[in-house]
file work.tsv (TSV, C-alpha atoms)
chain	number	residue	atom	x	y	z
A	32	MET	CA	-42.23	130.35	-47.12
A	33	LYS	CA	-38.46	130.08	-47.21
A	34	MET	CA	-36.54	129.08	-44.11
A	35	GLU	CA	-33.04	130.51	-43.89
A	36	PRO	CA	-30.18	128.03	-43.17
A	37	MET	CA	-29.27	129.94	-40.02
A	38	GLU	CA	-32.81	129.48	-38.69
A	39	GLU	CA	-32.76	125.73	-39.09
A	40	ASP	CA	-29.25	125.51	-37.65
A	41	ALA	CA	-30.42	127.49	-34.64
A	42	VAL	CA	-33.27	125.07	-33.96
A	43	VAL	CA	-30.99	122.03	-34.07
A	44	SER	CA	-28.21	123.74	-32.10
A	45	GLU	CA	-30.61	124.79	-29.35
A	46	LEU	CA	-32.00	121.27	-29.05
A	47	LYS	CA	-28.49	119.84	-28.87
A	48	ARG	CA	-27.53	122.37	-26.18
A	49	GLN	CA	-30.58	121.55	-24.08
A	50	LEU	CA	-29.87	117.82	-24.30
A	51	GLU	CA	-26.43	118.37	-22.77
A	52	ASP	CA	-28.05	119.28	-19.45
A	53	GLU	CA	-27.01	116.39	-17.19
A	54	GLU	CA	-29.69	117.25	-14.64
A	55	LEU	CA	-32.50	116.23	-16.98
A	56	ASN	CA	-34.35	113.11	-15.83
A	57	LEU	CA	-35.52	110.55	-18.38
A	58	GLU	CA	-39.06	111.88	-18.67
A	59	GLN	CA	-37.77	115.42	-19.23
A	60	ARG	CA	-35.25	114.22	-21.79
A	61	VAL	CA	-37.86	112.30	-23.78
A	62	SER	CA	-40.24	115.28	-23.66
A	63	LEU	CA	-37.46	117.58	-24.85
A	64	LEU	CA	-36.63	115.26	-27.74
A	65	ASN	CA	-40.26	114.87	-28.79
A	66	ASN	CA	-40.93	118.60	-28.68
A	67	GLY	CA	-37.67	119.49	-30.42
A	68	LEU	CA	-38.00	116.94	-33.22
A	69	ASN	CA	-41.64	117.80	-33.72
A	70	LYS	CA	-40.75	121.49	-34.01
A	71	ALA	CA	-38.01	120.79	-36.53
A	72	LEU	CA	-40.26	118.56	-38.66
A	73	ASN	CA	-43.12	121.06	-38.54
A	74	MET	CA	-40.77	123.76	-39.79
A	75	THR	CA	-39.85	121.62	-42.78
A	76	ALA	CA	-43.46	120.56	-43.46
A	77	VAL	CA	-44.30	123.97	-44.97
A	78	GLN	CA	-41.30	123.88	-47.29
A	79	THR	CA	-41.72	123.16	-51.00
A	80	ASP	CA	-37.98	122.66	-51.44
A	81	GLY	CA	-37.09	119.07	-50.55
A	82	ARG	CA	-33.49	120.14	-50.00
A	83	VAL	CA	-34.53	122.02	-46.88
A	84	VAL	CA	-36.11	118.90	-45.39
A	85	ALA	CA	-33.00	116.86	-46.16
A	86	ARG	CA	-30.76	119.55	-44.66
A	87	VAL	CA	-32.69	119.69	-41.36
A	88	LYS	CA	-32.77	115.92	-40.99
A	89	SER	CA	-29.10	115.69	-41.85
A	90	GLN	CA	-28.27	118.27	-39.19
A	91	LEU	CA	-30.26	116.32	-36.60
A	92	TYR	CA	-28.15	113.27	-37.42
A	93	LEU	CA	-24.75	114.93	-37.76
A	94	SER	CA	-25.18	116.95	-34.56
A	95	GLY	CA	-25.77	113.77	-32.56
A	96	VAL	CA	-29.36	114.67	-31.61
A	97	LEU	CA	-30.76	111.50	-33.17
A	98	SER	CA	-28.20	109.46	-31.24
A	99	HIS	CA	-29.88	110.66	-28.04
A	100	CYS	CA	-33.10	109.12	-29.38
A	101	ILE	CA	-31.43	105.74	-29.85
A	102	LEU	CA	-29.98	105.81	-26.36
A	103	VAL	CA	-33.51	106.28	-24.98
A	104	LEU	CA	-35.12	103.61	-27.16
A	105	SER	CA	-32.41	101.11	-26.20
A	106	LEU	CA	-32.83	101.58	-22.45
A	107	ASP	CA	-33.74	98.79	-20.06
A	108	PRO	CA	-37.55	98.46	-20.38
A	109	ARG	CA	-37.95	98.93	-16.64
A	110	LYS	CA	-36.76	102.52	-17.06
A	111	LEU	CA	-39.45	103.27	-19.63
A	112	ARG	CA	-42.35	102.34	-17.39
A	113	GLY	CA	-44.78	105.19	-17.12
A	114	ILE	CA	-43.63	106.87	-20.33
A	115	TRP	CA	-44.58	104.23	-22.90
A	116	SER	CA	-46.68	106.68	-24.91
A	117	ALA	CA	-43.88	109.26	-25.04
A	118	ALA	CA	-41.40	106.54	-26.04
A	119	ALA	CA	-43.67	105.39	-28.89
A	120	THR	CA	-43.95	108.99	-30.11
A	121	LEU	CA	-40.15	109.30	-29.98
A	122	ALA	CA	-39.85	106.11	-32.04
A	123	GLN	CA	-42.19	107.55	-34.66
A	124	LEU	CA	-40.34	110.87	-34.85
A	125	THR	CA	-36.92	109.19	-34.96
A	126	SER	CA	-38.01	106.93	-37.82
A	127	SER	CA	-39.32	109.92	-39.75
A	128	CYS	CA	-36.08	111.85	-39.22
A	129	CYS	CA	-34.04	108.97	-40.63
A	130	VAL	CA	-35.78	109.10	-44.01
A	131	GLY	CA	-34.19	111.66	-46.31
A	132	VAL	CA	-30.92	112.17	-44.43
A	133	GLU	CA	-27.87	113.09	-46.51
A	134	PRO	CA	-24.98	112.01	-44.26
A	135	GLY	CA	-22.22	113.05	-46.64
A	136	LYS	CA	-18.81	111.68	-45.64
A	137	HIS	CA	-20.52	109.80	-42.78
A	138	SER	CA	-22.59	107.74	-45.22
A	139	GLU	CA	-20.99	104.41	-44.32
A	140	ALA	CA	-21.44	104.95	-40.58
A	141	PHE	CA	-25.03	106.06	-41.16
A	142	HIS	CA	-26.05	103.02	-43.19
A	143	ARG	CA	-23.95	100.33	-41.53
A	144	LEU	CA	-24.09	101.41	-37.88
A	145	PHE	CA	-26.65	104.08	-37.20
A	146	LEU	CA	-29.68	102.82	-39.13
A	147	PRO	CA	-29.34	99.28	-37.74
A	148	SER	CA	-29.19	100.73	-34.23
A	149	VAL	CA	-32.37	102.73	-34.93
A	150	MET	CA	-34.15	99.60	-36.16
A	151	ASP	CA	-32.97	97.61	-33.16
A	152	GLY	CA	-34.32	100.30	-30.83
A	153	LEU	CA	-37.69	100.30	-32.60
A	154	LEU	CA	-38.01	96.52	-32.47
A	155	SER	CA	-36.93	96.42	-28.83
A	156	LEU	CA	-39.62	98.95	-27.89
A	157	ALA	CA	-42.22	97.14	-30.01
A	158	GLY	CA	-41.38	93.90	-28.22
A	159	GLN	CA	-42.02	95.52	-24.87
A	160	LEU	CA	-45.27	97.17	-25.92
A	161	MET	CA	-46.52	93.87	-27.36
A	162	ARG	CA	-46.45	92.41	-23.85
A	163	ARG	CA	-48.85	95.05	-22.55
A	164	THR	CA	-52.45	94.48	-23.58
A	165	GLU	CA	-53.32	98.11	-22.85
A	166	SER	CA	-50.58	99.29	-25.23
A	167	LEU	CA	-51.79	97.73	-28.48
A	168	SER	CA	-52.26	101.11	-30.17
A	169	LEU	CA	-48.72	102.08	-29.16
A	170	PHE	CA	-47.39	98.76	-30.48
A	171	ARG	CA	-49.11	99.47	-33.79
A	172	LYS	CA	-47.59	102.96	-33.84
A	173	VAL	CA	-44.07	101.59	-33.38
A	174	MET	CA	-44.56	98.83	-35.96
A	175	ASP	CA	-45.76	101.50	-38.41
A	176	SER	CA	-42.45	103.27	-37.72
A	177	VAL	CA	-40.60	100.03	-38.47
A	178	GLY	CA	-42.43	99.79	-41.79
A	179	TRP	CA	-41.69	103.44	-42.62
A	180	LEU	CA	-37.97	102.87	-42.07
A	181	LEU	CA	-38.01	99.61	-44.04
A	182	ARG	CA	-39.67	101.18	-47.04
A	183	ALA	CA	-36.95	103.83	-47.18
A	184	HIS	CA	-34.03	101.54	-46.31
A	185	ALA	CA	-34.78	98.06	-47.65
A	186	GLN	CA	-31.31	96.85	-46.67
A	187	LEU	CA	-32.57	96.64	-43.07
A	188	THR	CA	-34.92	93.76	-43.99
A	189	ALA	CA	-32.41	91.01	-43.27
A	190	GLN	CA	-31.76	92.53	-39.85
A	191	VAL	CA	-35.47	92.62	-39.01
A	192	LEU	CA	-36.11	89.04	-40.13
A	193	SER	CA	-33.17	87.73	-38.08
A	194	SER	CA	-33.69	90.00	-35.06
A	195	VAL	CA	-34.12	88.51	-31.60
A	196	HIS	CA	-36.72	91.19	-30.88
A	197	TYR	CA	-38.70	90.41	-34.03
A	198	GLU	CA	-38.52	86.71	-33.25
A	199	GLN	CA	-40.21	87.36	-29.91
A	200	ILE	CA	-42.89	89.42	-31.66
A	201	GLN	CA	-43.47	86.62	-34.16
A	202	MET	CA	-43.78	84.03	-31.45
A	203	CYS	CA	-46.49	85.92	-29.56
A	204	ASP	CA	-49.83	84.11	-29.70
A	205	ALA	CA	-52.01	87.22	-29.99
A	206	VAL	CA	-53.88	87.25	-33.31
A	207	THR	CA	-53.65	91.03	-33.58
A	208	VAL	CA	-49.86	90.92	-33.27
A	209	SER	CA	-49.56	88.20	-35.94
A	210	LEU	CA	-51.83	90.14	-38.27
A	211	LEU	CA	-49.84	93.35	-37.81
A	212	CYS	CA	-46.62	91.52	-38.71
A	213	VAL	CA	-48.05	90.13	-41.95
A	214	GLN	CA	-49.60	93.48	-42.84
A	215	LEU	CA	-46.23	95.15	-42.26
A	216	TRP	CA	-44.71	93.10	-45.08
A	217	ILE	CA	-47.73	93.46	-47.36
A	218	GLN	CA	-47.54	97.24	-47.05
A	219	THR	CA	-43.78	97.22	-47.53
A	220	CYS	CA	-43.96	95.06	-50.67
A	221	THR	CA	-46.88	97.09	-52.03
A	222	SER	CA	-45.14	100.43	-51.52
A	223	SER	CA	-42.39	99.55	-53.98
A	224	ARG	CA	-42.12	96.85	-56.59
A	225	ASP	CA	-38.34	97.17	-56.24
A	226	PHE	CA	-38.38	96.15	-52.58
A	227	LEU	CA	-38.14	92.38	-53.12
A	228	SER	CA	-35.67	92.71	-55.98
A	229	GLY	CA	-33.22	94.30	-53.55
A	230	LEU	CA	-33.36	91.38	-51.11
A	231	SER	CA	-31.13	88.31	-51.09
A	232	ASP	CA	-32.66	84.88	-51.68
A	233	ASP	CA	-32.10	84.13	-48.00
A	234	SER	CA	-34.18	87.15	-46.98
A	235	VAL	CA	-36.95	86.30	-49.44
A	236	LEU	CA	-36.97	82.75	-48.07
A	237	LEU	CA	-37.20	84.05	-44.49
A	238	LEU	CA	-40.15	86.22	-45.47
A	239	LEU	CA	-41.89	83.27	-47.12
A	240	ASN	CA	-41.02	81.25	-44.04
A	241	GLU	CA	-42.94	83.69	-41.86
A	242	ALA	CA	-46.04	83.64	-44.06
A	243	VAL	CA	-46.06	79.84	-44.37
A	244	GLY	CA	-45.49	79.53	-40.64
A	245	HIS	CA	-48.65	81.52	-39.93
A	246	LEU	CA	-50.59	79.26	-42.29
A	247	ALA	CA	-49.32	76.19	-40.45
A	248	VAL	CA	-49.84	77.28	-36.85
A	249	SER	CA	-52.65	79.86	-36.93
A	250	SER	CA	-56.35	79.13	-37.14
A	251	ASP	CA	-57.45	82.75	-37.58
A	252	SER	CA	-58.98	83.58	-40.95
A	253	ALA	CA	-57.64	87.14	-41.02
A	254	VAL	CA	-54.08	85.96	-40.39
A	255	GLY	CA	-54.41	83.12	-42.88
A	256	GLY	CA	-55.90	85.34	-45.57
A	257	ALA	CA	-53.21	87.97	-45.12
A	258	SER	CA	-50.48	85.31	-45.27
A	259	VAL	CA	-51.84	83.89	-48.53
A	260	ARG	CA	-52.08	87.37	-50.02
A	261	LEU	CA	-48.50	88.15	-48.98
A	262	ILE	CA	-47.17	85.05	-50.75
A	263	LEU	CA	-49.19	85.84	-53.88
A	264	LEU	CA	-47.98	89.43	-53.83
A	265	MET	CA	-44.37	88.29	-53.59
A	266	ALA	CA	-44.89	85.84	-56.44
A	267	SER	CA	-46.50	88.50	-58.62
A	268	GLN	CA	-43.47	90.76	-58.18
A	269	GLN	CA	-40.64	88.20	-58.28
A	270	GLU	CA	-42.09	85.17	-60.06
A	271	LEU	CA	-38.82	83.56	-61.12
A	272	ARG	CA	-37.36	83.79	-57.58
A	273	VAL	CA	-40.41	83.02	-55.46
A	274	HIS	CA	-41.70	79.96	-57.32
A	275	PRO	CA	-38.59	77.81	-56.76
A	276	LEU	CA	-38.35	78.95	-53.14
A	277	LEU	CA	-41.95	77.89	-52.50
A	278	LEU	CA	-40.93	74.32	-53.35
A	279	HIS	CA	-38.88	74.26	-50.16
A	280	PHE	CA	-42.15	74.09	-48.22
A	281	ARG	CA	-43.26	70.54	-48.97
A	282	GLY	CA	-46.90	69.87	-48.20
A	283	LEU	CA	-47.95	73.53	-48.38
A	284	ASP	CA	-50.47	72.90	-51.16
A	285	SER	CA	-52.06	70.07	-49.18
A	286	LEU	CA	-52.14	72.21	-46.05
A	287	LEU	CA	-53.91	74.98	-47.95
A	288	ASP	CA	-56.38	72.52	-49.45
A	289	LYS	CA	-57.24	70.90	-46.12
A	290	ASP	CA	-57.16	73.81	-43.65
A	291	TRP	CA	-57.84	77.03	-45.54
A	292	ARG	CA	-60.72	76.41	-47.91
A	293	GLY	CA	-64.10	77.80	-46.98
A	294	ARG	CA	-62.60	80.63	-44.90
A	295	GLY	CA	-63.68	83.51	-47.12
A	296	PHE	CA	-60.73	83.71	-49.51
A	297	ASP	CA	-61.04	80.54	-51.63
A	298	GLN	CA	-60.04	82.37	-54.80
A	299	GLU	CA	-56.65	83.29	-53.33
A	300	VAL	CA	-56.20	79.81	-51.87
A	301	ASN	CA	-56.92	78.23	-55.26
A	302	GLN	CA	-54.53	80.65	-56.93
A	303	LEU	CA	-51.73	79.82	-54.51
A	304	ILE	CA	-52.29	76.06	-54.80
A	305	ALA	CA	-52.19	76.35	-58.60
A	306	LEU	CA	-49.02	78.42	-58.35
A	307	ILE	CA	-47.28	75.80	-56.19
A	308	ARG	CA	-48.37	72.83	-58.30
A	309	SER	CA	-47.42	74.54	-61.56
A	310	ASP	CA	-43.78	74.25	-60.53
A	311	LYS	CA	-43.78	70.58	-59.63
A	312	GLY	CA	-41.77	69.42	-62.58
A	313	THR	CA	-38.72	68.74	-60.44
A	314	GLY	CA	-39.69	65.26	-59.33
A	315	LYS	CA	-40.53	66.41	-55.80
A	316	GLN	CA	-43.74	64.99	-54.45
A	317	SER	CA	-46.17	66.87	-52.26
A	318	GLU	CA	-46.25	65.74	-48.68
A	319	GLY	CA	-49.48	65.86	-46.71
A	320	PRO	CA	-50.64	68.72	-44.51
A	321	GLU	CA	-49.55	66.78	-41.42
A	322	GLU	CA	-45.93	66.87	-42.56
A	323	ALA	CA	-46.09	70.60	-43.34
A	324	ALA	CA	-47.74	71.41	-40.02
A	325	ALA	CA	-45.27	69.22	-38.11
A	326	ALA	CA	-42.34	70.99	-39.73
A	327	ALA	CA	-43.85	74.34	-38.88
A	328	GLU	CA	-44.54	73.37	-35.29
A	329	GLY	CA	-40.97	72.10	-34.95
A	330	GLY	CA	-39.53	75.38	-36.22
A	331	THR	CA	-41.84	77.37	-33.98
A	332	ALA	CA	-40.93	75.38	-30.91
A	333	MET	CA	-37.22	75.89	-31.60
A	334	GLY	CA	-37.71	79.63	-31.96
A	335	ARG	CA	-39.94	80.30	-28.99
A	336	GLY	CA	-37.29	80.79	-26.32
A	337	ALA	CA	-39.18	82.08	-23.27
A	338	GLU	CA	-42.95	82.45	-23.29
A	339	VAL	CA	-45.46	82.46	-20.43
A	340	SER	CA	-49.20	82.39	-21.13
A	341	GLY	CA	-48.68	83.81	-24.64
A	342	VAL	CA	-46.60	86.74	-23.39
A	343	CYS	CA	-43.29	87.15	-25.21
A	344	GLU	CA	-40.03	88.79	-24.11
A	345	ALA	CA	-37.26	90.78	-25.83
A	346	SER	CA	-33.53	91.64	-25.51
A	347	THR	CA	-30.77	94.12	-26.57
A	348	GLY	CA	-27.74	94.76	-28.91
A	349	GLU	CA	-24.08	95.79	-29.60
A	350	GLU	CA	-22.36	99.15	-29.91
A	351	GLY	CA	-21.85	101.42	-32.91
A	352	ILE	CA	-20.42	104.95	-33.22
A	353	PRO	CA	-22.29	107.55	-35.32
A	354	PRO	CA	-21.00	111.16	-35.37
A	355	GLU	CA	-20.31	112.77	-32.00
A	356	THR	CA	-22.34	110.35	-29.87
A	357	LYS	CA	-21.98	106.63	-29.32
A	358	THR	CA	-25.17	104.63	-29.71
A	359	THR	CA	-26.30	101.05	-29.47
A	360	ALA	CA	-26.00	99.14	-32.72
A	361	ALA	CA	-28.39	96.43	-33.75
A	362	ALA	CA	-28.24	93.00	-32.21
A	363	THR	CA	-29.20	90.31	-34.65
A	364	SER	CA	-28.94	86.60	-34.35
A	365	SER	CA	-29.55	83.65	-36.62
A	366	ARG	CA	-32.74	82.05	-35.54
A	367	PRO	CA	-35.06	79.30	-36.71
A	368	GLY	CA	-38.10	80.70	-38.46
A	369	ALA	CA	-41.73	79.82	-38.01
A	370	VAL	CA	-41.31	76.96	-40.51
A	371	VAL	CA	-38.37	74.72	-41.26
A	372	PRO	CA	-38.16	74.53	-45.07
A	373	ALA	CA	-37.45	71.05	-46.28
A	374	GLY	CA	-33.95	70.48	-47.56
A	375	VAL	CA	-32.59	73.80	-46.27
call {"tool": "encode", "arguments": {"input": "work.tsv", "output": "structure tokens"}}
result
Amino acid sequence: MKMEPMEEDAVVSELKRQLEDEELNLEQRVSLLNNGLNKALNMTAVQTDGRVVARVKSQLYLSGVLSHCILVLSLDPRKLRGIWSAAATLAQLTSSCCVGVEPGKHSEAFHRLFLPSVMDGLLSLAGQLMRRTESLSLFRKVMDSVGWLLRAHAQLTAQVLSSVHYEQIQMCDAVTVSLLCVQLWIQTCTSSRDFLSGLSDDSVLLLLNEAVGHLAVSSDSAVGGASVRLILLMASQQELRVHPLLLHFRGLDSLLDKDWRGRGFDQEVNQLIALIRSDKGTGKQSEGPEEAAAAAEGGTAMGRGAEVSGVCEASTGEEGIPPETKTTAAATSSRPGAVVPAGV
């Protein structure tokens, strides 16, 4: 089945026209966006020509339709009450529409302003859903959208790892939330062996910092096992970079030996301990697990901000200008990670 260019243009143009109706309330606007984006994506799903898919997604961006999505996702959380499910669906559709866009002469604005604003909106919504125990499936849906966008645009990794919203997600005490975060990075690293190679040393260190932090402050076997596997996966892909960076976490081998044996993944624990100790030709001595845990707790306490009974909060960002419609650009901030690496 071949879709004529005029047909696809008509779909996007009609959606844009409908969105210009100032009498639409928020619920109607979100419903219109979800239905319109879903229709556009379904039209492209039957196409065998990838150029058609790229053309439709590009039109959604260049027409300003996707900017309407960001404006919704960046709203004050109080305005989204009652439409959490629709907002999560919008996040998923927006993320999908951002993969495969060919922005042409707007490439710089797309990559430097628009994509960060999309990611900030996703993380902001995820942070709000995390606080609602009845919305765990929606939280998972939005975090899957974060992963989808990351796998297509690895340059957004530094933003995620330094995001205020992601910090709040990390600091949440819920085991399920912690596990989803670690699994996000495992899936992202697994999807492409080139993912880590495109990151700066600072970003790789922040990612290690998250995994080591979970090992230091969590007692859950699933979280611990996933964290160990993430570190091993990173080392298997970027051995020469990851090994030296692991030495920043003094006492990690002792922590693993004392707290994580006999938890169902001894083979991985032994492998990680051997990996760490194989690089100890620098004269650095291993500190005990108490020192590693204390450093981790110190970093966690610095990063917690506001937390009540294990419930975490989130915040918002700055302004960017994609084609035709202004949207909210990503707010990122330097923050202490879950572990304070020694000597950094």
call {"tool": "residues_around", "arguments": {"input": "work.tsv", "residues": "Lys110 in chain A", "least_positions_apart": "2", "cutoff": "12 Å", "atoms": "all atoms listed in the file", "output": "JSON list (two decimals) with C-alpha atoms, in the coordinates of the input"}}
result
[["chain", "number", "residue", "atom", "x", "y", "z"],
["A", 56, "ASN", "CA", -34.35, 113.11, -15.83],
["A", 57, "LEU", "CA", -35.52, 110.55, -18.38],
["A", 58, "GLU", "CA", -39.06, 111.88, -18.67],
["A", 61, "VAL", "CA", -37.86, 112.30, -23.78],
["A", 102, "LEU", "CA", -29.98, 105.81, -26.36],
["A", 103, "VAL", "CA", -33.51, 106.28, -24.98],
["A", 104, "LEU", "CA", -35.12, 103.61, -27.16],
["A", 105, "SER", "CA", -32.41, 101.11, -26.20],
["A", 106, "LEU", "CA", -32.83, 101.58, -22.45],
["A", 107, "ASP", "CA", -33.74, 98.79, -20.06],
["A", 108, "PRO", "CA", -37.55, 98.46, -20.38],
["A", 112, "ARG", "CA", -42.35, 102.34, -17.39],
["A", 113, "GLY", "CA", -44.78, 105.19, -17.12],
["A", 114, "ILE", "CA", -43.63, 106.87, -20.33],
["A", 115, "TRP", "CA", -44.58, 104.23, -22.90],
["A", 118, "ALA", "CA", -41.40, 106.54, -26.04],
["A", 156, "LEU", "CA", -39.62, 98.95, -27.89],
["A", 159, "GLN", "CA", -42.02, 95.52, -24.87]]
call {"tool": "atom_distance", "arguments": {"input": "work.tsv", "atom1": "CA of Ser249 in chain A", "atom2": "CA of Ala189 in chain A"}}
result
24.0 Å
call {"tool": "residues_around", "arguments": {"input": "work.tsv", "residues": "Gly131 in chain A", "least_positions_apart": "5", "cutoff": "10 Å", "atoms": "all atoms listed in the file", "output": "list in words"}}
result
Gly81, Arg82, Val84, Ala85, Arg86, Val87, Lys88, Ser89 and Ala183 of chain A
call {"tool": "closest_residue", "arguments": {"input": "work.tsv", "among": "A:Leu237, A:Leu64, A:Val243, A:Leu227", "to": "Glu270 in chain A", "atoms": "all atoms listed in the file"}}
result
A:Leu227
call {"tool": "atom_distance", "arguments": {"input": "work.tsv", "atom1": "CA of Lys70 in chain A", "atom2": "CA of Leu93 in chain A"}}
result
17.7 Å
call {"tool": "residues_around", "arguments": {"input": "work.tsv", "residues": "Asp232 in chain A", "least_positions_apart": "4", "cutoff": "9 Å", "atoms": "all atoms listed in the file", "output": "ChimeraX atom specification"}}
result
/A:236-237,272-273,276
call {"tool": "residues_around", "arguments": {"input": "work.tsv", "residues": "Glu241 in chain A", "least_positions_apart": "2", "cutoff": "9 Å", "atoms": "all atoms listed in the file", "output": "number ranges by chain"}}
result
A: 192, 201, 213, 236-239, 243-246, 258, 368-370
